[in-house]
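**Student:** Just so it is clear, I am handing over run.txt, which has compact mmCIF, N, CA and C atoms.
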```txt
# COMPACT_ATOMS: atom_id res chain seq x y z
N GLN A 1 0.85 -1.18 0.00
CA GLN A 1 0.00 0.00 0.00
C GLN A 1 0.88 1.23 0.00
N GLU A 2 0.55 2.17 -0.93
CA GLU A 2 1.31 3.40 -0.99
C GLU A 2 1.04 4.22 0.26
N PRO A 3 2.07 4.88 0.79
CA PRO A 3 1.85 5.68 2.00
C PRO A 3 0.98 6.90 1.78
N LEU A 4 0.99 7.41 0.55
CA LEU A 4 0.22 8.61 0.24
C LEU A 4 -0.64 8.35 -0.99
N VAL A 5 -1.83 8.87 -0.99
CA VAL A 5 -2.75 8.71 -2.11
C VAL A 5 -2.97 10.07 -2.76
N GLU A 6 -2.66 10.13 -4.05
CA GLU A 6 -2.77 11.39 -4.79
C GLU A 6 -3.94 11.34 -5.77
N SER A 7 -4.47 12.49 -6.07
CA SER A 7 -5.53 12.59 -7.08
C SER A 7 -5.55 13.98 -7.66
N GLY A 8 -6.22 14.10 -8.81
CA GLY A 8 -6.42 15.40 -9.42
C GLY A 8 -5.63 15.66 -10.68
N GLY A 9 -4.73 14.77 -11.04
CA GLY A 9 -3.96 14.98 -12.25
C GLY A 9 -4.80 14.77 -13.50
N GLY A 10 -4.21 15.09 -14.65
CA GLY A 10 -4.92 14.89 -15.89
C GLY A 10 -4.44 15.81 -16.98
N LEU A 11 -5.30 15.99 -17.97
CA LEU A 11 -4.99 16.81 -19.14
C LEU A 11 -5.70 18.16 -19.02
N VAL A 12 -4.97 19.21 -19.29
CA VAL A 12 -5.55 20.56 -19.22
C VAL A 12 -4.95 21.40 -20.33
N GLN A 13 -5.71 22.35 -20.81
CA GLN A 13 -5.22 23.24 -21.86
C GLN A 13 -4.33 24.33 -21.26
N PRO A 14 -3.44 24.88 -22.06
CA PRO A 14 -2.61 25.99 -21.57
C PRO A 14 -3.48 27.12 -21.03
N GLY A 15 -3.06 27.64 -19.89
CA GLY A 15 -3.82 28.68 -19.22
C GLY A 15 -4.85 28.15 -18.24
N GLY A 16 -5.03 26.84 -18.25
CA GLY A 16 -6.03 26.24 -17.37
C GLY A 16 -5.50 25.98 -15.98
N SER A 17 -6.35 25.35 -15.16
CA SER A 17 -6.03 25.10 -13.76
C SER A 17 -6.33 23.65 -13.40
N LEU A 18 -5.61 23.17 -12.42
CA LEU A 18 -5.86 21.86 -11.81
C LEU A 18 -5.62 21.98 -10.32
N ARG A 19 -6.30 21.13 -9.57
CA ARG A 19 -6.07 21.06 -8.14
C ARG A 19 -5.69 19.63 -7.77
N LEU A 20 -4.49 19.46 -7.25
CA LEU A 20 -4.01 18.15 -6.84
C LEU A 20 -4.26 17.96 -5.35
N SER A 21 -4.55 16.72 -4.98
CA SER A 21 -4.77 16.38 -3.57
C SER A 21 -3.86 15.23 -3.17
N CYS A 22 -3.52 15.19 -1.90
CA CYS A 22 -2.63 14.15 -1.38
C CYS A 22 -2.99 13.88 0.07
N ALA A 23 -3.28 12.64 0.39
CA ALA A 23 -3.64 12.27 1.77
C ALA A 23 -2.94 10.99 2.16
N PRO A 24 -2.60 10.85 3.43
CA PRO A 24 -2.00 9.59 3.89
C PRO A 24 -2.99 8.44 3.73
N SER A 25 -2.48 7.27 3.38
CA SER A 25 -3.36 6.12 3.23
C SER A 25 -3.71 5.51 4.58
N GLY A 26 -2.91 5.78 5.58
CA GLY A 26 -3.19 5.29 6.92
C GLY A 26 -3.37 6.46 7.88
N SER A 27 -3.62 6.13 9.13
CA SER A 27 -3.82 7.20 10.11
C SER A 27 -2.48 7.68 10.63
N ILE A 28 -2.39 8.98 10.81
CA ILE A 28 -1.21 9.58 11.41
C ILE A 28 -1.67 10.56 12.48
N SER A 29 -0.76 10.93 13.33
CA SER A 29 -1.09 11.91 14.36
C SER A 29 -0.16 13.11 14.23
N GLY A 30 -0.68 14.24 14.60
CA GLY A 30 0.12 15.45 14.55
C GLY A 30 0.15 16.08 13.17
N ILE A 31 0.72 17.26 13.13
CA ILE A 31 0.86 18.01 11.89
C ILE A 31 2.32 17.91 11.44
N HIS A 32 2.50 17.66 10.14
CA HIS A 32 3.85 17.45 9.61
C HIS A 32 4.04 18.20 8.31
N PRO A 33 5.27 18.54 7.99
CA PRO A 33 5.51 19.19 6.71
C PRO A 33 5.10 18.29 5.54
N MET A 34 4.53 18.90 4.54
CA MET A 34 4.17 18.21 3.31
C MET A 34 4.57 19.07 2.13
N GLY A 35 4.69 18.46 0.98
CA GLY A 35 5.09 19.23 -0.18
C GLY A 35 4.81 18.52 -1.48
N TRP A 36 5.16 19.21 -2.55
CA TRP A 36 4.96 18.69 -3.90
C TRP A 36 6.23 18.84 -4.72
N ALA A 37 6.46 17.88 -5.58
CA ALA A 37 7.59 17.93 -6.50
C ALA A 37 7.13 17.36 -7.84
N ARG A 38 7.92 17.54 -8.86
CA ARG A 38 7.58 16.97 -10.16
C ARG A 38 8.84 16.49 -10.87
N GLN A 39 8.61 15.60 -11.80
CA GLN A 39 9.73 15.05 -12.56
C GLN A 39 9.32 14.98 -14.03
N THR A 40 10.17 15.50 -14.89
CA THR A 40 9.91 15.47 -16.32
C THR A 40 10.78 14.41 -16.99
N PRO A 41 10.33 13.90 -18.13
CA PRO A 41 11.12 12.87 -18.82
C PRO A 41 12.52 13.35 -19.14
N GLY A 42 13.48 12.52 -18.93
CA GLY A 42 14.86 12.85 -19.24
C GLY A 42 15.61 13.50 -18.09
N LYS A 43 14.89 13.83 -17.04
CA LYS A 43 15.54 14.43 -15.88
C LYS A 43 15.55 13.42 -14.74
N SER A 44 16.69 13.26 -14.12
CA SER A 44 16.80 12.26 -13.06
C SER A 44 16.32 12.78 -11.72
N ALA A 45 16.36 14.08 -11.54
CA ALA A 45 16.01 14.65 -10.25
C ALA A 45 14.60 15.23 -10.27
N ARG A 46 13.95 15.16 -9.14
CA ARG A 46 12.65 15.79 -8.99
C ARG A 46 12.83 17.25 -8.63
N GLU A 47 12.00 18.09 -9.23
CA GLU A 47 12.02 19.52 -8.94
C GLU A 47 11.08 19.78 -7.77
N LEU A 48 11.59 20.36 -6.71
CA LEU A 48 10.75 20.70 -5.57
C LEU A 48 9.94 21.94 -5.92
N LEU A 49 8.63 21.87 -5.74
CA LEU A 49 7.75 22.94 -6.16
C LEU A 49 7.22 23.78 -5.01
N ALA A 50 6.74 23.10 -3.98
CA ALA A 50 6.08 23.80 -2.89
C ALA A 50 6.16 22.97 -1.63
N ARG A 51 6.17 23.69 -0.51
CA ARG A 51 6.29 23.02 0.79
C ARG A 51 5.48 23.81 1.80
N ILE A 52 4.81 23.08 2.70
CA ILE A 52 4.10 23.73 3.80
C ILE A 52 4.57 23.06 5.08
N ILE A 53 5.05 23.88 6.00
CA ILE A 53 5.63 23.33 7.22
C ILE A 53 4.60 23.31 8.36
N ILE A 54 5.02 22.93 9.54
CA ILE A 54 4.11 22.67 10.64
C ILE A 54 3.24 23.88 10.98
N ASP A 55 3.84 25.06 10.97
CA ASP A 55 3.07 26.24 11.37
C ASP A 55 2.28 26.84 10.22
N GLY A 56 2.31 26.19 9.07
CA GLY A 56 1.54 26.67 7.92
C GLY A 56 2.31 27.57 6.97
N THR A 57 3.54 27.88 7.30
CA THR A 57 4.35 28.69 6.40
C THR A 57 4.60 27.92 5.11
N THR A 58 4.53 28.62 4.00
CA THR A 58 4.69 27.98 2.70
C THR A 58 5.94 28.49 1.97
N TYR A 59 6.49 27.63 1.15
CA TYR A 59 7.65 27.96 0.35
C TYR A 59 7.41 27.46 -1.07
N TYR A 60 7.94 28.19 -2.04
CA TYR A 60 7.72 27.84 -3.44
C TYR A 60 9.00 27.91 -4.24
N GLY A 61 9.08 27.04 -5.24
CA GLY A 61 10.16 27.15 -6.20
C GLY A 61 9.90 28.31 -7.15
N ASP A 62 10.95 28.84 -7.71
CA ASP A 62 10.83 30.02 -8.56
C ASP A 62 9.95 29.76 -9.78
N SER A 63 9.96 28.53 -10.28
CA SER A 63 9.23 28.25 -11.51
C SER A 63 7.71 28.27 -11.31
N VAL A 64 7.24 28.17 -10.08
CA VAL A 64 5.80 28.10 -9.84
C VAL A 64 5.30 29.23 -8.94
N LYS A 65 6.19 30.03 -8.43
CA LYS A 65 5.80 31.10 -7.53
C LYS A 65 4.82 32.05 -8.23
N GLY A 66 3.72 32.32 -7.55
CA GLY A 66 2.70 33.20 -8.13
C GLY A 66 1.64 32.47 -8.94
N ARG A 67 1.90 31.21 -9.29
CA ARG A 67 0.93 30.43 -10.06
C ARG A 67 0.37 29.25 -9.27
N PHE A 68 1.18 28.65 -8.43
CA PHE A 68 0.78 27.49 -7.64
C PHE A 68 0.61 27.89 -6.19
N THR A 69 -0.35 27.26 -5.52
CA THR A 69 -0.58 27.51 -4.10
C THR A 69 -0.73 26.19 -3.37
N ILE A 70 0.05 26.00 -2.33
CA ILE A 70 -0.05 24.80 -1.51
C ILE A 70 -0.86 25.13 -0.26
N SER A 71 -1.69 24.17 0.14
CA SER A 71 -2.46 24.33 1.37
C SER A 71 -2.61 22.95 2.01
N ARG A 72 -3.12 22.95 3.22
CA ARG A 72 -3.26 21.69 3.96
C ARG A 72 -4.47 21.75 4.85
N ASP A 73 -5.21 20.67 4.87
CA ASP A 73 -6.30 20.51 5.82
C ASP A 73 -5.75 19.70 6.99
N ASN A 74 -5.58 20.34 8.12
CA ASN A 74 -4.93 19.68 9.25
C ASN A 74 -5.76 18.54 9.83
N ALA A 75 -7.07 18.62 9.71
CA ALA A 75 -7.92 17.58 10.27
C ALA A 75 -7.75 16.26 9.51
N SER A 76 -7.63 16.34 8.19
CA SER A 76 -7.51 15.13 7.38
C SER A 76 -6.09 14.88 6.91
N HIS A 77 -5.16 15.78 7.28
CA HIS A 77 -3.76 15.67 6.86
C HIS A 77 -3.64 15.65 5.34
N THR A 78 -4.56 16.31 4.66
CA THR A 78 -4.56 16.34 3.21
C THR A 78 -3.87 17.61 2.72
N ALA A 79 -2.96 17.45 1.79
CA ALA A 79 -2.30 18.59 1.16
C ALA A 79 -2.89 18.81 -0.22
N TYR A 80 -2.97 20.06 -0.61
CA TYR A 80 -3.49 20.43 -1.91
C TYR A 80 -2.46 21.28 -2.65
N LEU A 81 -2.52 21.19 -3.96
CA LEU A 81 -1.71 22.07 -4.79
C LEU A 81 -2.63 22.65 -5.86
N GLN A 82 -2.97 23.91 -5.71
CA GLN A 82 -3.77 24.60 -6.71
C GLN A 82 -2.82 25.15 -7.76
N MET A 83 -3.03 24.73 -8.99
CA MET A 83 -2.13 25.12 -10.07
C MET A 83 -2.92 25.94 -11.08
N ASN A 84 -2.52 27.19 -11.24
CA ASN A 84 -3.20 28.09 -12.17
C ASN A 84 -2.26 28.49 -13.31
N ASN A 85 -2.86 28.94 -14.39
CA ASN A 85 -2.10 29.38 -15.56
C ASN A 85 -1.06 28.33 -15.97
N LEU A 86 -1.52 27.11 -16.10
CA LEU A 86 -0.61 26.02 -16.46
C LEU A 86 -0.12 26.19 -17.89
N GLN A 87 1.13 25.83 -18.08
CA GLN A 87 1.77 25.96 -19.38
C GLN A 87 2.35 24.61 -19.80
N PRO A 88 2.63 24.42 -21.08
CA PRO A 88 3.17 23.12 -21.54
C PRO A 88 4.42 22.68 -20.77
N GLU A 89 5.22 23.61 -20.34
CA GLU A 89 6.42 23.23 -19.60
C GLU A 89 6.13 22.71 -18.19
N ASP A 90 4.88 22.81 -17.77
CA ASP A 90 4.47 22.24 -16.49
C ASP A 90 4.12 20.75 -16.63
N THR A 91 4.13 20.24 -17.85
CA THR A 91 3.86 18.83 -18.06
C THR A 91 4.91 17.98 -17.36
N ALA A 92 4.44 17.08 -16.51
CA ALA A 92 5.36 16.26 -15.71
C ALA A 92 4.56 15.26 -14.89
N VAL A 93 5.28 14.39 -14.21
CA VAL A 93 4.66 13.54 -13.18
C VAL A 93 4.83 14.27 -11.85
N TYR A 94 3.72 14.47 -11.17
CA TYR A 94 3.71 15.22 -9.92
C TYR A 94 3.63 14.25 -8.74
N TYR A 95 4.43 14.53 -7.72
CA TYR A 95 4.50 13.72 -6.52
C TYR A 95 4.26 14.58 -5.29
N CYS A 96 3.57 14.02 -4.32
CA CYS A 96 3.51 14.69 -3.02
C CYS A 96 4.40 13.93 -2.05
N TYR A 97 4.77 14.60 -0.98
CA TYR A 97 5.57 13.94 0.05
C TYR A 97 5.13 14.41 1.42
N LEU A 98 5.41 13.54 2.38
CA LEU A 98 5.08 13.80 3.78
C LEU A 98 6.35 13.55 4.58
N ASN A 99 6.69 14.50 5.40
CA ASN A 99 7.93 14.45 6.18
C ASN A 99 7.59 14.27 7.66
N ILE A 100 7.84 13.09 8.18
CA ILE A 100 7.63 12.83 9.61
C ILE A 100 8.99 12.51 10.22
N GLY A 101 9.49 13.42 11.01
CA GLY A 101 10.82 13.25 11.57
C GLY A 101 11.85 13.20 10.47
N SER A 102 12.65 12.15 10.44
CA SER A 102 13.67 12.00 9.41
C SER A 102 13.17 11.17 8.22
N THR A 103 11.93 10.80 8.24
CA THR A 103 11.37 9.96 7.18
C THR A 103 10.57 10.79 6.20
N VAL A 104 10.84 10.58 4.93
CA VAL A 104 10.07 11.22 3.86
C VAL A 104 9.35 10.14 3.07
N SER A 105 8.04 10.23 3.03
CA SER A 105 7.23 9.28 2.26
C SER A 105 6.70 9.98 1.02
N TRP A 106 6.69 9.24 -0.10
CA TRP A 106 6.26 9.80 -1.36
C TRP A 106 5.00 9.12 -1.87
N GLY A 107 4.22 9.87 -2.62
CA GLY A 107 3.09 9.30 -3.32
C GLY A 107 3.55 8.58 -4.56
N GLN A 108 2.60 7.95 -5.25
CA GLN A 108 2.93 7.14 -6.41
C GLN A 108 3.16 7.98 -7.66
N GLY A 109 2.79 9.24 -7.61
CA GLY A 109 2.97 10.12 -8.75
C GLY A 109 1.77 10.10 -9.67
N MET A 110 1.48 11.21 -10.27
CA MET A 110 0.38 11.29 -11.24
C MET A 110 0.76 12.26 -12.36
N GLN A 111 0.28 11.91 -13.54
CA GLN A 111 0.63 12.68 -14.73
C GLN A 111 -0.22 13.93 -14.82
N VAL A 112 0.45 15.03 -15.11
CA VAL A 112 -0.22 16.27 -15.47
C VAL A 112 0.30 16.65 -16.86
N THR A 113 -0.62 16.78 -17.79
CA THR A 113 -0.25 17.12 -19.16
C THR A 113 -0.95 18.41 -19.55
N VAL A 114 -0.16 19.37 -19.99
CA VAL A 114 -0.71 20.65 -20.43
C VAL A 114 -0.52 20.74 -21.93
N SER A 115 -1.63 20.69 -22.65
CA SER A 115 -1.55 20.65 -24.11
C SER A 115 -2.87 21.11 -24.70
N SER A 116 -2.79 21.73 -25.86
CA SER A 116 -4.00 22.13 -26.57
C SER A 116 -4.41 21.04 -27.55
```
Any chance you could give the structure as structure tokens?

**Tutor:**
Amino acid sequence: QEPLVESGGGLVQPGGSLRLSCAPSGSISGIHPMGWARQTPGKSARELLARIIIDGTTYYGDSVKGRFTISRDNASHTAYLQMNNLQPEDTAVYYCYLNIGSTVSWGQGMQVTVSS
């Protein structure tokens, strides 16, 4: 069983929006940092996009700042990534992660394709 369950990916036209969701598959306690990253074909490393820490402070990568917004529902431990003004270069497999102590758990990844 994957530690995190993601949803919301798919095909969108340039300029469109998508909202990604990520929730733990099992029960957890407490509030923990969560974030989103993506990986494009031909690149070995994942690009870190957004992060929300315990107190709710958010951080963004330069490529998505002003277009993407990360949020979290503390009751359900669900993280969201609202993506606006999507462009073809945003096409990638998107992953969420959950950071509990020194452990980082990743979702299975989902495809986001921006194309007309």

**Student:** Counting only N, CA and C atoms, write as a PyMOL selection string all protein and nucleic acid residues lying at most 6.5 Å from (7.2, 27.5, -14.4) in the file's frame.

**Tutor:** chain A and resi 62-64+89-90

**Student:** Could those residues be written to a file, using N, CA and C atoms, as a compact mmCIF listing (two decimals), in the frame of the given file?

**Tutor:**
```txt
# COMPACT_ATOMS: atom_id res chain seq x y z
N ASP A 62 10.95 28.84 -7.71
CA ASP A 62 10.83 30.02 -8.56
C ASP A 62 9.95 29.76 -9.78
N SER A 63 9.96 28.53 -10.28
CA SER A 63 9.23 28.25 -11.51
C SER A 63 7.71 28.27 -11.31
N VAL A 64 7.24 28.17 -10.08
CA VAL A 64 5.80 28.10 -9.84
C VAL A 64 5.30 29.23 -8.94
N GLU A 89 5.22 23.61 -20.34
CA GLU A 89 6.42 23.23 -19.60
C GLU A 89 6.13 22.71 -18.19
N ASP A 90 4.88 22.81 -17.77
CA ASP A 90 4.47 22.24 -16.49
C ASP A 90 4.12 20.75 -16.63
```

**Student:** If we count only C-alpha atoms and set the cut-off at 12 Å, which residues sit around Ala75 in chain A, ignoring sequence neighbours fewer than 5 positions away in its own chain? Please answer as a list in words.

**Tutor:**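 So, after excluding close chain neighbours, the residues are Ala23, Pro24, Ser27, Ile28, Ser29, Gly30, Ile31 and His32 of chain A.
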
**Student:** In range 14-79 of chain A, what's strand (DSSP E) per DSSP? Answer as a ChimeraX atom specification?

**Tutor:** /A:18-24,34-39,47-52,58-60,68-73,78-79

**Student:** Expressed in Å to a single decimal, how great is the separation between CA of Ile100 in chain A and atom N of Met34 in chain A?

**Tutor:**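 Straight-line distance from CA of Ile100 in chain A to atom N of Met34 in chain A works out to 8.5 Å.
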
**Student:** Restricting the calculation to only N, CA and C atoms, which member of A:Met110, A:Ile70, A:Leu48, A:Ala79 is positioned closest to Val93 in chain A?

**Tutor:** A:Met110

**Student:** Within 6.5 Å of Ile53 in chain A, counting only N, CA and C atoms, which residues show up once you throw out same-chain ones fewer than 3 positions away? Write them as a list in words, please.

**Tutor:**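 Using only N, CA and C atoms, the neighbours found are His32, Pro33, Met34, Gly56, Thr57, Thr58 and Tyr59 of chain A.
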
**Student:** What does the structure give for the distance between atom C of Arg72 in chain A and atom C of Cys22 in chain A, in Å to one decimal?

**Tutor:** 9.3 Å

**Student:** Could you work out how far atom N of Trp106 in chain A lies from CA of Leu86 in chain A, giving the answer in Å with one decimal?

**Tutor:**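 It comes out at 24.5 Å.
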
**Student:** Would you mind listing what lies within 7 Å of Val12 in chain A as a ChimeraX atom specification, with all atoms listed in the file counted and same-chain residues fewer than 4 positions away left out?

**Tutor:** /A:16-17,112-116

**Student:** Would you save the residues from that selection as a CSV table (one decimal), in the frame of the given file, using N, CA and C atoms?

**Tutor:**
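This is the output file out02.csv:
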```
chain,number,residue,atom,x,y,z
A,16,GLY,N,-5.0,26.8,-18.2
A,16,GLY,CA,-6.0,26.2,-17.4
A,16,GLY,C,-5.5,26.0,-16.0
A,17,SER,N,-6.4,25.4,-15.2
A,17,SER,CA,-6.0,25.1,-13.8
A,17,SER,C,-6.3,23.6,-13.4
A,112,VAL,N,0.4,15.0,-15.1
A,112,VAL,CA,-0.2,16.3,-15.5
A,112,VAL,C,0.3,16.6,-16.9
A,113,THR,N,-0.6,16.8,-17.8
A,113,THR,CA,-0.2,17.1,-19.2
A,113,THR,C,-1.0,18.4,-19.6
A,114,VAL,N,-0.2,19.4,-20.0
A,114,VAL,CA,-0.7,20.6,-20.4
A,114,VAL,C,-0.5,20.7,-21.9
A,115,SER,N,-1.6,20.7,-22.6
A,115,SER,CA,-1.6,20.6,-24.1
A,115,SER,C,-2.9,21.1,-24.7
A,116,SER,N,-2.8,21.7,-25.9
A,116,SER,CA,-4.0,22.1,-26.6
A,116,SER,C,-4.4,21.0,-27.6
```

**Student:** Have a look at A:Pro88, A:Gly35, A:Pro41, A:Gly61 and name the one nearest to Pro14 in chain A; count all atoms listed in the file.

**Tutor:** A:Pro88

**Student:** Hey, can I get the axis-aligned box for range 3-7 of chain A? All listed atoms, 3 Å padding on each side, centre and edge lengths in Å to one decimal, as AutoDock Vina command-line options.

**Tutor:**
```
--center_x -1.7 --center_y 9.4 --center_z -2.8 --size_x 13.6 --size_y 15.1 --size_z 15.7
```

**Student:** Counting only C-alpha atoms, which of A:Asn74, A:Ser105, A:Pro3, A:Gln13 gets nearest to Ile54 in chain A?

**Tutor:**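 Of all the options, A:Asn74 lies closest to Ile54 in chain A.
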
**Student:** For Thr78 in chain A, which residue out of A:Cys96, A:Leu18, A:Gly101, A:Gln111 is the nearest one, using only C-alpha atoms?

**Tutor:**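 When distances to Thr78 in chain A are compared using only C-alpha atoms, the smallest one comes from A:Cys96.
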